[in-house]
>>> print(open('target_16.txt').read())   # compact mmCIF, C-alpha atoms
# COMPACT_ATOMS: atom_id res chain seq x y z
CA MET A 631 -1.60 6.32 -24.54
CA SER A 632 0.36 5.84 -27.74
CA VAL A 633 -0.03 8.36 -30.53
CA TYR A 634 0.11 7.13 -34.12
CA CYS A 635 2.69 8.90 -36.25
CA HIS A 636 3.08 8.15 -39.95
CA PRO A 637 6.49 6.55 -40.63
CA SER A 638 7.58 9.41 -42.90
CA ALA A 639 6.64 11.97 -40.28
CA ARG A 640 8.26 9.89 -37.51
CA ARG A 641 11.51 9.89 -39.47
CA PHE A 642 11.47 13.69 -39.62
CA VAL A 643 10.55 14.04 -35.94
CA THR A 644 13.17 11.59 -34.76
CA SER A 645 15.87 13.42 -36.70
CA ALA A 646 14.67 16.69 -35.21
CA PHE A 647 14.90 15.37 -31.67
CA THR A 648 18.14 13.37 -31.97
CA SER A 649 20.23 15.49 -34.35
CA PRO A 650 23.16 17.17 -32.52
CA PHE A 651 22.60 20.16 -34.80
CA PRO A 652 18.87 20.98 -34.76
CA ARG A 653 17.97 23.25 -37.66
CA VAL A 654 15.58 25.61 -35.89
CA PRO A 655 16.25 25.94 -32.16
CA ARG A 656 13.51 27.13 -29.83
CA LEU A 657 15.16 30.36 -28.73
CA GLY A 658 14.34 31.74 -25.31
CA CYS A 659 12.72 28.47 -24.11
CA ASP A 660 13.87 26.00 -21.48
CA ASN A 661 12.39 23.06 -23.42
CA LYS A 662 15.19 20.83 -24.68
CA PHE A 663 13.33 19.54 -27.72
CA TYR A 664 13.60 21.15 -31.15
CA VAL A 665 11.69 20.74 -34.39
CA ALA A 666 13.11 20.72 -37.89
CA CYS A 667 10.83 23.32 -39.46
CA GLY A 668 12.19 22.62 -42.91
CA ASP A 669 10.87 19.05 -42.68
CA VAL A 670 7.37 20.29 -41.82
CA SER A 671 7.59 22.74 -44.70
CA THR A 672 8.63 19.94 -47.09
CA LEU A 673 5.68 17.76 -46.08
CA CYS A 674 3.25 20.67 -46.56
CA LYS A 675 4.69 21.54 -49.96
CA GLU A 676 4.28 17.93 -51.04
CA GLY A 677 0.62 18.06 -50.02
CA ARG A 678 1.23 15.62 -47.16
CA LEU A 679 -0.54 17.75 -44.59
CA LYS A 680 -1.73 14.82 -42.50
CA ASN A 681 1.85 13.56 -42.19
CA ALA A 682 3.00 17.03 -41.17
CA LEU A 683 0.29 17.14 -38.50
CA ASP A 684 1.53 13.79 -37.16
CA ILE A 685 4.58 15.72 -35.99
CA LEU A 686 2.40 17.61 -33.48
CA ASP A 687 1.11 14.30 -32.08
CA ALA A 688 4.64 12.95 -31.83
CA MET A 689 5.75 16.11 -30.00
CA ASP A 690 2.89 15.73 -27.53
CA GLU A 691 4.03 12.17 -26.89
CA ARG A 692 7.55 13.45 -26.11
CA GLY A 693 6.37 16.49 -24.15
CA ALA A 694 7.96 18.89 -26.63
CA LEU A 695 6.88 22.47 -27.22
CA PRO A 696 6.73 23.40 -30.95
CA VAL A 697 8.39 26.58 -32.10
CA SER A 698 6.26 29.26 -33.79
CA PRO A 699 7.61 28.63 -37.35
CA VAL A 700 6.20 25.07 -37.17
CA TYR A 701 2.70 26.44 -36.61
CA ARG A 702 3.14 29.02 -39.37
CA ARG A 703 4.14 26.41 -41.91
CA LEU A 704 1.30 24.09 -40.91
CA LEU A 705 -1.29 26.87 -41.10
CA LYS A 706 -0.03 27.97 -44.52
CA GLY A 707 -0.34 24.36 -45.64
CA CYS A 708 -3.95 24.38 -44.42
CA ILE A 709 -4.59 27.62 -46.35
CA ASN A 710 -3.16 26.17 -49.57
CA MET A 711 -5.28 23.03 -49.27
CA LYS A 712 -8.32 24.80 -47.76
CA ALA A 713 -8.19 22.24 -44.98
CA LEU A 714 -10.43 23.69 -42.26
CA ALA A 715 -10.48 20.64 -39.96
CA GLU A 716 -6.68 20.41 -39.98
CA GLY A 717 -6.41 24.17 -39.42
CA LYS A 718 -8.65 23.87 -36.36
CA LYS A 719 -6.42 21.10 -35.06
CA VAL A 720 -3.35 23.35 -35.34
CA HIS A 721 -5.23 26.20 -33.64
CA SER A 722 -6.31 23.88 -30.82
CA HIS A 723 -2.72 22.76 -30.37
CA ILE A 724 -1.54 26.37 -30.08
CA MET A 725 -4.14 27.17 -27.42
CA LYS A 726 -3.49 23.92 -25.50
CA TRP A 727 -0.16 25.31 -24.28
CA GLY A 728 -2.00 28.18 -22.61
CA ARG A 729 -0.47 30.85 -24.84
CA LYS A 730 -2.16 33.33 -27.12
CA PRO A 731 -0.62 33.47 -30.61
CA ASN A 732 1.52 36.51 -31.31
CA LEU A 733 0.38 39.12 -33.83
CA PHE A 734 2.01 37.48 -36.83
CA LEU A 735 0.68 34.02 -36.01
CA GLY A 736 -2.74 35.48 -35.17
CA ASN A 737 -2.92 37.06 -38.61
CA ILE A 738 -2.12 33.71 -40.24
CA LEU A 739 -4.88 32.06 -38.19
CA LEU A 740 -7.30 34.76 -39.36
CA ASN A 741 -6.26 34.18 -42.94
CA MET A 742 -6.62 30.40 -42.59
CA TYR A 743 -10.19 30.60 -41.29
CA ALA A 744 -11.19 33.22 -43.89
CA HIS A 745 -9.74 31.21 -46.79
CA CYS A 746 -11.21 27.95 -45.52
CA GLY A 747 -14.71 29.44 -45.40
CA SER A 748 -15.22 29.85 -41.64
CA VAL A 749 -15.71 33.60 -41.22
CA ALA A 750 -17.31 33.08 -37.80
CA ASP A 751 -14.15 31.40 -36.48
CA ALA A 752 -12.03 34.11 -38.08
CA ARG A 753 -14.05 36.74 -36.20
CA LEU A 754 -13.56 34.89 -32.89
CA VAL A 755 -9.79 34.97 -33.48
CA PHE A 756 -9.96 38.64 -34.47
CA ASP A 757 -11.95 39.63 -31.36
CA ASP A 758 -9.57 37.69 -29.11
CA MET A 759 -6.41 39.34 -30.47
CA PRO A 760 -4.72 41.56 -27.85
CA GLN A 761 -3.09 43.50 -30.69
CA ARG A 762 -4.25 44.18 -34.24
CA ASN A 763 -2.46 45.85 -37.12
CA VAL A 764 -3.59 46.82 -40.62
CA VAL A 765 -3.09 43.22 -41.78
CA SER A 766 -5.47 41.93 -39.09
CA TRP A 767 -8.22 44.41 -39.98
CA THR A 768 -7.76 43.93 -43.73
CA THR A 769 -7.78 40.13 -43.50
CA MET A 770 -11.06 40.18 -41.57
CA ILE A 771 -12.66 42.76 -43.92
CA SER A 772 -11.60 40.82 -47.03
CA GLY A 773 -12.93 37.61 -45.46
CA TYR A 774 -16.34 39.21 -45.03
CA THR A 775 -16.26 40.63 -48.56
CA ARG A 776 -15.19 37.33 -50.13
CA HIS A 777 -18.12 35.54 -48.50
CA GLY A 778 -20.74 38.11 -49.48
CA ARG A 779 -21.10 39.65 -46.03
CA SER A 780 -20.74 43.19 -47.26
CA LYS A 781 -22.54 44.90 -44.40
CA GLU A 782 -20.19 43.38 -41.80
CA ALA A 783 -17.19 44.24 -43.99
CA LEU A 784 -18.15 47.91 -44.07
CA GLU A 785 -19.01 48.03 -40.37
CA LEU A 786 -15.51 46.72 -39.64
CA PHE A 787 -13.96 49.18 -42.09
CA TRP A 788 -15.46 52.12 -40.20
CA GLN A 789 -14.47 50.61 -36.84
CA MET A 790 -10.94 50.46 -38.20
CA GLN A 791 -11.05 54.19 -38.92
CA GLU A 792 -12.31 54.85 -35.38
CA ALA A 793 -9.41 52.80 -34.01
CA ASN A 794 -7.03 55.13 -35.94
CA VAL A 795 -5.57 52.28 -37.98
CA LYS A 796 -4.64 53.56 -41.43
CA PRO A 797 -6.00 51.33 -44.22
CA ASN A 798 -3.87 50.18 -47.13
CA GLN A 799 -4.82 49.70 -50.77
CA VAL A 800 -6.08 46.16 -50.17
CA THR A 801 -8.34 47.39 -47.36
CA VAL A 802 -10.05 50.07 -49.44
CA VAL A 803 -10.39 47.77 -52.46
CA ASN A 804 -12.31 45.28 -50.32
CA ALA A 805 -14.46 48.06 -48.85
CA LEU A 806 -15.28 49.25 -52.39
CA LYS A 807 -16.20 45.72 -53.46
CA ALA A 808 -18.54 45.52 -50.46
CA CYS A 809 -20.20 48.80 -51.50
CA ALA A 810 -20.65 47.50 -55.06
CA CYS A 811 -22.12 44.24 -53.79
CA LEU A 812 -24.79 45.89 -51.61
CA PRO A 813 -25.01 48.22 -53.70
CA SER A 814 -24.66 51.43 -51.69
CA LEU A 815 -23.68 54.65 -53.42
CA LYS A 816 -23.72 56.54 -50.11
CA GLN A 817 -21.24 54.14 -48.52
CA GLY A 818 -19.18 54.15 -51.71
CA LYS A 819 -18.84 57.93 -51.61
CA SER A 820 -17.70 57.72 -47.97
CA VAL A 821 -15.08 55.08 -48.80
CA HIS A 822 -13.97 57.27 -51.74
CA ALA A 823 -13.48 60.16 -49.30
CA SER A 824 -11.30 57.89 -47.12
CA ILE A 825 -9.29 56.93 -50.22
CA MET A 826 -8.63 60.59 -51.00
CA LYS A 827 -7.74 61.31 -47.36
CA ASN A 828 -5.17 58.48 -47.36
CA GLY A 829 -3.70 59.40 -50.76
CA PHE A 830 -4.76 56.27 -52.68
CA GLU A 831 -6.75 57.91 -55.48
CA SER A 832 -3.76 57.93 -57.84
CA ASP A 833 -3.29 54.16 -57.36
CA ILE A 834 -4.22 52.60 -60.68
CA PHE A 835 -5.81 49.48 -59.21
CA VAL A 836 -7.82 51.39 -56.59
CA GLY A 837 -9.02 53.73 -59.35
CA SER A 838 -10.21 50.79 -61.45
CA ILE A 839 -12.20 49.35 -58.53
CA LEU A 840 -13.66 52.82 -57.87
CA ILE A 841 -14.93 52.92 -61.46
CA ASP A 842 -16.50 49.50 -61.06
CA MET A 843 -18.09 50.44 -57.73
CA TYR A 844 -19.69 53.64 -59.06
CA ALA A 845 -20.98 51.83 -62.15
CA LYS A 846 -22.56 49.05 -60.07
CA CYS A 847 -24.03 51.63 -57.70
CA GLY A 848 -25.71 53.41 -60.61
CA SER A 849 -23.49 56.48 -61.05
CA ILE A 850 -21.81 56.26 -64.46
CA GLU A 851 -21.03 59.98 -64.23
CA ARG A 852 -18.88 59.56 -61.11
CA ALA A 853 -17.25 56.49 -62.66
CA ARG A 854 -16.26 58.62 -65.66
CA GLN A 855 -14.95 61.40 -63.40
CA VAL A 856 -12.65 58.93 -61.66
CA PHE A 857 -11.49 57.57 -65.04
CA ASP A 858 -10.80 61.03 -66.46
CA ARG A 859 -8.80 62.08 -63.38
CA MET A 860 -6.53 59.03 -63.38
CA PRO A 861 -2.92 60.08 -64.08
CA ARG A 862 -2.22 56.68 -65.64
CA ARG A 863 -4.56 54.08 -67.09
CA ASP A 864 -3.83 50.45 -67.73
CA VAL A 865 -5.87 47.69 -69.34
CA VAL A 866 -7.78 47.11 -66.07
CA SER A 867 -8.96 50.73 -65.81
CA TRP A 868 -9.91 50.92 -69.51
CA THR A 869 -11.78 47.63 -69.27
CA ALA A 870 -13.58 48.81 -66.13
CA MET A 871 -14.82 51.90 -67.99
CA VAL A 872 -15.81 49.94 -71.11
CA THR A 873 -17.73 47.48 -68.92
CA ALA A 874 -19.32 50.31 -66.90
CA HIS A 875 -20.89 51.84 -70.03
CA ALA A 876 -22.00 48.38 -71.16
CA GLN A 877 -23.75 47.81 -67.81
CA HIS A 878 -25.63 51.08 -68.31
CA ARG A 879 -26.75 50.06 -71.81
CA ASN A 880 -24.50 52.62 -73.46
CA GLY A 881 -22.91 50.27 -75.96
CA GLU A 882 -21.95 52.97 -78.45
CA GLU A 883 -19.80 54.69 -75.81
CA SER A 884 -18.24 51.34 -74.87
CA LEU A 885 -17.22 50.80 -78.49
CA ARG A 886 -15.86 54.35 -78.76
CA LEU A 887 -13.77 53.80 -75.63
CA PHE A 888 -12.51 50.45 -76.90
CA TRP A 889 -11.16 52.02 -80.11
CA GLU A 890 -9.74 54.95 -78.13
CA MET A 891 -7.95 52.40 -75.94
CA GLU A 892 -6.43 50.89 -79.07
CA GLN A 893 -5.25 54.33 -80.21
CA GLU A 894 -3.58 54.80 -76.81
CA HIS A 895 -1.65 51.55 -77.49
CA VAL A 896 -3.11 49.79 -74.45
CA LYS A 897 -3.26 46.08 -75.24
CA PRO A 898 -6.69 44.57 -74.48
CA ASP A 899 -6.83 41.36 -72.46
CA PRO A 900 -9.38 38.51 -72.63
CA VAL A 901 -11.66 40.30 -70.13
CA THR A 902 -11.72 43.40 -72.37
CA PHE A 903 -12.62 41.36 -75.44
CA VAL A 904 -15.33 39.37 -73.66
CA SER A 905 -16.89 42.63 -72.45
CA ILE A 906 -16.80 44.41 -75.83
CA LEU A 907 -18.09 41.33 -77.69
CA LYS A 908 -21.11 41.33 -75.38
CA VAL A 909 -21.67 44.95 -76.41
CA CYS A 910 -21.60 43.93 -80.08
CA SER A 911 -24.11 41.17 -79.31
CA SER A 912 -26.51 43.60 -77.61
CA LEU A 913 -26.22 46.12 -80.46
CA LEU A 914 -26.36 43.41 -83.17
CA ALA A 915 -23.24 45.12 -84.50
CA LEU A 916 -21.88 42.38 -86.79
CA GLU A 917 -19.34 44.54 -88.64
CA GLN A 918 -17.91 45.90 -85.39
CA GLY A 919 -17.76 42.33 -84.10
CA LYS A 920 -15.78 41.23 -87.15
CA LYS A 921 -13.28 44.07 -86.64
CA ILE A 922 -12.85 43.12 -83.00
CA HIS A 923 -12.41 39.48 -84.06
CA ALA A 924 -9.54 40.62 -86.29
CA HIS A 925 -7.91 42.31 -83.29
CA ILE A 926 -8.36 39.13 -81.23
CA VAL A 927 -6.42 37.25 -83.91
CA LYS A 928 -3.84 40.06 -83.98
CA TYR A 929 -3.21 39.62 -80.26
CA ARG A 930 -3.30 35.79 -80.59
CA LEU A 931 -6.16 35.39 -78.13
CA GLN A 932 -8.43 33.39 -80.44
CA SER A 933 -7.65 30.13 -78.61
CA ASN A 934 -8.80 31.50 -75.25
CA VAL A 935 -11.97 29.56 -74.35
CA PHE A 936 -13.72 32.58 -72.80
CA VAL A 937 -12.98 34.78 -75.80
CA GLY A 938 -14.01 31.96 -78.15
CA SER A 939 -17.29 31.49 -76.30
CA ALA A 940 -18.00 35.23 -76.49
CA LEU A 941 -17.21 35.22 -80.22
CA ILE A 942 -19.61 32.32 -80.86
CA ASP A 943 -22.33 34.09 -78.89
CA MET A 944 -21.73 37.39 -80.74
CA TYR A 945 -21.85 35.83 -84.20
CA ALA A 946 -24.96 33.78 -83.36
CA LYS A 947 -26.83 36.78 -81.96
CA CYS A 948 -25.74 38.98 -84.86
CA GLY A 949 -27.20 36.48 -87.35
CA SER A 950 -24.06 34.77 -88.64
CA ILE A 951 -24.27 31.17 -87.45
CA LEU A 952 -21.74 30.17 -90.12
CA HIS A 953 -19.07 32.41 -88.57
CA ALA A 954 -20.01 31.08 -85.14
CA ARG A 955 -19.41 27.50 -86.32
CA GLN A 956 -16.10 28.47 -87.90
CA VAL A 957 -14.92 29.88 -84.57
CA PHE A 958 -16.10 26.73 -82.81
CA ASP A 959 -14.31 24.41 -85.24
CA THR A 960 -11.01 26.30 -85.00
CA MET A 961 -10.88 26.13 -81.19
CA SER A 962 -8.14 23.68 -80.19
CA ARG A 963 -9.59 23.21 -76.71
CA LYS A 964 -13.33 23.00 -76.22
CA ASN A 965 -14.94 23.03 -72.79
CA VAL A 966 -18.62 22.57 -71.94
CA VAL A 967 -19.22 26.34 -72.15
CA LEU A 968 -18.10 26.39 -75.80
CA TRP A 969 -20.25 23.40 -76.74
CA ASN A 970 -23.26 24.92 -74.98
CA GLY A 971 -22.67 28.24 -76.73
CA MET A 972 -22.72 26.59 -80.15
CA ILE A 973 -25.80 24.49 -79.31
CA SER A 974 -27.60 27.63 -78.08
CA GLY A 975 -26.56 29.41 -81.27
CA TYR A 976 -28.19 26.70 -83.36
CA ALA A 977 -31.28 26.98 -81.13
CA GLN A 978 -31.54 30.72 -81.81
CA HIS A 979 -31.48 30.00 -85.55
CA GLY A 980 -34.01 27.14 -85.38
CA ARG A 981 -31.48 24.54 -86.48
CA GLY A 982 -32.54 21.72 -84.17
CA LYS A 983 -30.98 18.89 -86.19
CA ASP A 984 -27.58 20.59 -86.20
CA ALA A 985 -27.88 21.11 -82.44
CA LEU A 986 -28.70 17.43 -81.87
CA GLN A 987 -25.78 16.33 -84.06
CA LEU A 988 -23.51 18.53 -81.95
CA VAL A 989 -24.90 16.99 -78.77
CA GLU A 990 -24.06 13.50 -80.09
CA LYS A 991 -20.55 14.64 -80.95
CA MET A 992 -20.24 16.17 -77.50
CA LYS A 993 -21.12 12.82 -75.89
CA GLN A 994 -18.59 11.05 -78.13
CA GLU A 995 -15.94 13.44 -76.78
CA GLY A 996 -16.80 12.18 -73.29
CA LEU A 997 -18.16 15.49 -72.02
CA GLU A 998 -21.00 15.57 -69.51
CA LEU A 999 -24.20 17.36 -70.51
CA ASP A 1000 -25.36 19.90 -67.94
CA CYS A 1001 -28.64 21.76 -67.41
CA ILE A 1002 -27.59 24.49 -69.89
CA THR A 1003 -26.96 21.83 -72.54
CA PHE A 1004 -30.43 20.33 -72.03
CA SER A 1005 -31.98 23.80 -72.09
CA GLY A 1006 -30.28 24.43 -75.45
CA ILE A 1007 -31.50 21.07 -76.80
CA LEU A 1008 -35.11 21.80 -75.82
CA SER A 1009 -34.92 25.31 -77.23
CA SER A 1010 -33.42 24.15 -80.54
CA CYS A 1011 -35.99 21.36 -80.91
CA SER A 1012 -38.81 23.78 -80.07
CA HIS A 1013 -37.64 26.32 -82.67
CA ALA A 1014 -37.33 23.57 -85.25
CA GLY A 1015 -40.79 22.17 -84.46
CA LEU A 1016 -39.35 18.86 -83.28
CA VAL A 1017 -41.30 18.91 -80.00
>>> encode(input="target_16.txt", output="structure tokens")
Amino acid sequence: MSVYCHPSARRFVTSAFTSPFPRVPRLGCDNKFYVACGDVSTLCKEGRLKNALDILDAMDERGALPVSPVYRRLLKGCINMKALAEGKKVHSHIMKWGRKPNLFLGNILLNMYAHCGSVADARLVFDDMPQRNVVSWTTMISGYTRHGRSKEALELFWQMQEANVKPNQVTVVNALKACACLPSLKQGKSVHASIMKNGFESDIFVGSILIDMYAKCGSIERARQVFDRMPRRDVVSWTAMVTAHAQHRNGEESLRLFWEMEQEHVKPDPVTFVSILKVCSSLLALEQGKKIHAHIVKYRLQSNVFVGSALIDMYAKCGSILHARQVFDTMSRKNVVLWNGMISGYAQHGRGKDALQLVEKMKQEGLELDCITFSGILSSCSHAGLV
């Protein structure tokens, strides 16, 4: 049976088999055929994954055994392109030779299935691994967390402890995210104890996720304790604490922390500004919003679409639709979120005609109206008595 191989892939394979100086020899193997791993890597980098996979078919035709780096490069290509079907093909090819992948290759397989959305297949690989290290456990836990399967993530985290495998920072961060997602304060406290036992509490990123976890699990007091004990704080930890108080409807404390952050010379990022502008919106604090707007300009973040959208929303909710429109007009790039924000702002102020004019302009710009746009149109027309 002949196996089709794309001409570009065939060229690479032929050179690999006929070159007197093969680039990546199959060490420790009696098979006489070699594969030019760099060629596979080039095809994957160029997004020509199907062509790269043709090499496996061509090798089957010649009875050649691929070297491990070929599989690694192909699997990483599948991860980058989130190509599950192609990843399964590579996995099947590995198993066809009657060998189990080594630890390093097994971890890449785990990562491929987790990133491509097949947690069930990832777990099958995990359970079949003769050896597992911290990367194996962490990859499986993060896969569960990423796909909203928090209970399984935490069950695996505790099994990891029982297996005497020491977690790393990435492991505990994913366990904390799982606790926040449930939410489970009890589990969160237990993971916190593990963090202290393993000496990760001083890690600035772990500390920031701890703050977020406690806030989402309803304990702002413990979140503040973690924040106050941190030896160093960066923009992520400050933003986590500002957001935590906002989530617990303590906007005044969020604002106080924001200005304290400024005094500590910690530069806010777009996430910080979006969070604090939401606080101003909830408090109807127009003057505070204007001051924060000045700082946004100071840090040259006024063109950020997320910050711009939050500014429009803040000004509209605080009663200044004129300022909201000024922000909208000065935005160099406008996405659907910005347009919807301005239309909703007009709706809140009963300016249905202005909202409809904006919708027409939006269509002229070639943007698609979504359900939020139509909701804003109906709301603005209703407030204006047009329906």
>>> residues_around(input="target_16.txt", residues="Gly938 (chain A)", least_positions_apart="2", cutoff="8 Å", atoms="only C-alpha atoms", output="number ranges by chain")
A: 932-936, 940-942, 957-958, 961, 968
>>> atom_distance(input="target_16.txt", atom1="CA of Cys674 (chain A)", atom2="CA of His745 (chain A)")
16.7 Å
>>> closest_residue(input="target_16.txt", among="A:Asp684, A:Gln791, A:Arg879, A:Ser867", to="Thr902 (chain A)", atoms="all atoms listed in the file")
A:Ser867
>>> atom_distance(input="target_16.txt", atom1="CA of Trp727 (chain A)", atom2="CA of Thr672 (chain A)")
25.0 Å
>>> atom_distance(input="target_16.txt", atom1="CA of Pro813 (chain A)", atom2="CA of Ile709 (chain A)")
29.9 Å
>>> residues_around(input="target_16.txt", residues="Trp969 (chain A)", least_positions_apart="5", cutoff="12 Å", atoms="all atoms listed in the file", output="NGL selection string")
:A and (935-936 or 938-939 or 942-943 or 954-955 or 957-959 or 961 or 963-964 or 974-976 or 985-993 or 995 or 997-1000 or 1002-1004 or 1006-1007)
>>> residues_near_point(input="target_16.txt", point="(-16.2, 40.4, -47.0)", cutoff="9 Å", atoms="all atoms listed in the file", output="NGL selection string")
:A and (749 or 770-784 or 804-805 or 807-808)
>>> decode(input="target_16.txt", residues="region 806-875 of chain A", atoms="C-alpha atoms", output="PDB file, in the first residue's frame")
ATOM      1  CA  LEU A 806      -5.378  27.689  44.839  1.00  0.00           C
ATOM      2  CA  LYS A 807      -7.250  28.550  41.643  1.00  0.00           C
ATOM      3  CA  ALA A 808      -9.246  25.330  42.050  1.00  0.00           C
ATOM      4  CA  CYS A 809     -10.134  26.309  45.641  1.00  0.00           C
ATOM      5  CA  ALA A 810     -11.257  29.763  44.471  1.00  0.00           C
ATOM      6  CA  CYS A 811     -13.358  28.251  41.697  1.00  0.00           C
ATOM      7  CA  LEU A 812     -15.293  25.874  43.974  1.00  0.00           C
ATOM      8  CA  PRO A 813     -15.143  28.004  46.269  1.00  0.00           C
ATOM      9  CA  SER A 814     -13.799  26.133  49.300  1.00  0.00           C
ATOM     10  CA  LEU A 815     -12.235  28.056  52.167  1.00  0.00           C
ATOM     11  CA  LYS A 816     -11.458  24.816  54.021  1.00  0.00           C
ATOM     12  CA  GLN A 817      -9.505  23.402  51.084  1.00  0.00           C
ATOM     13  CA  GLY A 818      -7.849  26.785  50.564  1.00  0.00           C
ATOM     14  CA  LYS A 819      -6.564  26.830  54.130  1.00  0.00           C
ATOM     15  CA  SER A 820      -5.139  23.319  53.670  1.00  0.00           C
ATOM     16  CA  VAL A 821      -3.359  24.327  50.451  1.00  0.00           C
ATOM     17  CA  HIS A 822      -2.055  27.423  52.275  1.00  0.00           C
ATOM     18  CA  ALA A 823      -0.610  25.134  54.961  1.00  0.00           C
ATOM     19  CA  SER A 824       1.145  23.114  52.237  1.00  0.00           C
ATOM     20  CA  ILE A 825       2.520  26.367  50.780  1.00  0.00           C
ATOM     21  CA  MET A 826       3.987  27.316  54.152  1.00  0.00           C
ATOM     22  CA  LYS A 827       5.405  23.813  54.647  1.00  0.00           C
ATOM     23  CA  ASN A 828       7.171  23.972  51.265  1.00  0.00           C
ATOM     24  CA  GLY A 829       8.464  27.524  51.767  1.00  0.00           C
ATOM     25  CA  PHE A 830       6.471  29.238  48.991  1.00  0.00           C
ATOM     26  CA  GLU A 831       4.673  31.877  51.069  1.00  0.00           C
ATOM     27  CA  SER A 832       7.313  34.519  50.318  1.00  0.00           C
ATOM     28  CA  ASP A 833       6.876  33.969  46.563  1.00  0.00           C
ATOM     29  CA  ILE A 834       5.255  37.137  45.266  1.00  0.00           C
ATOM     30  CA  PHE A 835       3.090  35.411  42.649  1.00  0.00           C
ATOM     31  CA  VAL A 836       1.905  32.669  45.012  1.00  0.00           C
ATOM     32  CA  GLY A 837       1.046  35.375  47.570  1.00  0.00           C
ATOM     33  CA  SER A 838      -1.053  37.255  45.012  1.00  0.00           C
ATOM     34  CA  ILE A 839      -3.026  34.103  44.131  1.00  0.00           C
ATOM     35  CA  LEU A 840      -3.501  33.409  47.857  1.00  0.00           C
ATOM     36  CA  ILE A 841      -5.070  36.863  48.255  1.00  0.00           C
ATOM     37  CA  ASP A 842      -7.388  36.203  45.332  1.00  0.00           C
ATOM     38  CA  MET A 843      -8.338  32.760  46.666  1.00  0.00           C
ATOM     39  CA  TYR A 844      -9.222  34.030  50.153  1.00  0.00           C
ATOM     40  CA  ALA A 845     -11.231  36.920  48.707  1.00  0.00           C
ATOM     41  CA  LYS A 846     -13.232  34.608  46.430  1.00  0.00           C
ATOM     42  CA  CYS A 847     -13.764  32.177  49.300  1.00  0.00           C
ATOM     43  CA  GLY A 848     -15.241  34.971  51.433  1.00  0.00           C
ATOM     44  CA  SER A 849     -12.379  35.722  53.842  1.00  0.00           C
ATOM     45  CA  ILE A 850     -11.168  39.266  53.192  1.00  0.00           C
ATOM     46  CA  GLU A 851      -9.472  39.229  56.606  1.00  0.00           C
ATOM     47  CA  ARG A 852      -7.184  36.330  55.673  1.00  0.00           C
ATOM     48  CA  ALA A 853      -6.535  37.942  52.280  1.00  0.00           C
ATOM     49  CA  ARG A 854      -5.364  41.085  54.080  1.00  0.00           C
ATOM     50  CA  GLN A 855      -3.178  39.053  56.455  1.00  0.00           C
ATOM     51  CA  VAL A 856      -1.398  37.471  53.494  1.00  0.00           C
ATOM     52  CA  PHE A 857      -0.970  40.903  51.871  1.00  0.00           C
ATOM     53  CA  ASP A 858       0.411  42.499  55.038  1.00  0.00           C
ATOM     54  CA  ARG A 859       2.914  39.660  55.569  1.00  0.00           C
ATOM     55  CA  MET A 860       4.340  39.792  52.050  1.00  0.00           C
ATOM     56  CA  PRO A 861       8.012  40.872  52.164  1.00  0.00           C
ATOM     57  CA  ARG A 862       7.675  42.389  48.684  1.00  0.00           C
ATOM     58  CA  ARG A 863       4.627  43.518  46.743  1.00  0.00           C
ATOM     59  CA  ASP A 864       4.358  44.114  43.042  1.00  0.00           C
ATOM     60  CA  VAL A 865       1.538  45.426  40.873  1.00  0.00           C
ATOM     61  CA  VAL A 866      -0.105  41.966  40.814  1.00  0.00           C
ATOM     62  CA  SER A 867      -0.314  41.706  44.618  1.00  0.00           C
ATOM     63  CA  TRP A 868      -1.557  45.306  45.015  1.00  0.00           C
ATOM     64  CA  THR A 869      -4.156  44.776  42.297  1.00  0.00           C
ATOM     65  CA  ALA A 870      -5.273  41.512  43.914  1.00  0.00           C
ATOM     66  CA  MET A 871      -5.889  43.336  47.203  1.00  0.00           C
ATOM     67  CA  VAL A 872      -7.650  46.283  45.534  1.00  0.00           C
ATOM     68  CA  THR A 873      -9.886  43.830  43.646  1.00  0.00           C
ATOM     69  CA  ALA A 874     -10.506  41.758  46.794  1.00  0.00           C
ATOM     70  CA  HIS A 875     -11.959  44.762  48.652  1.00  0.00           C
TER      71      HIS A 875
END
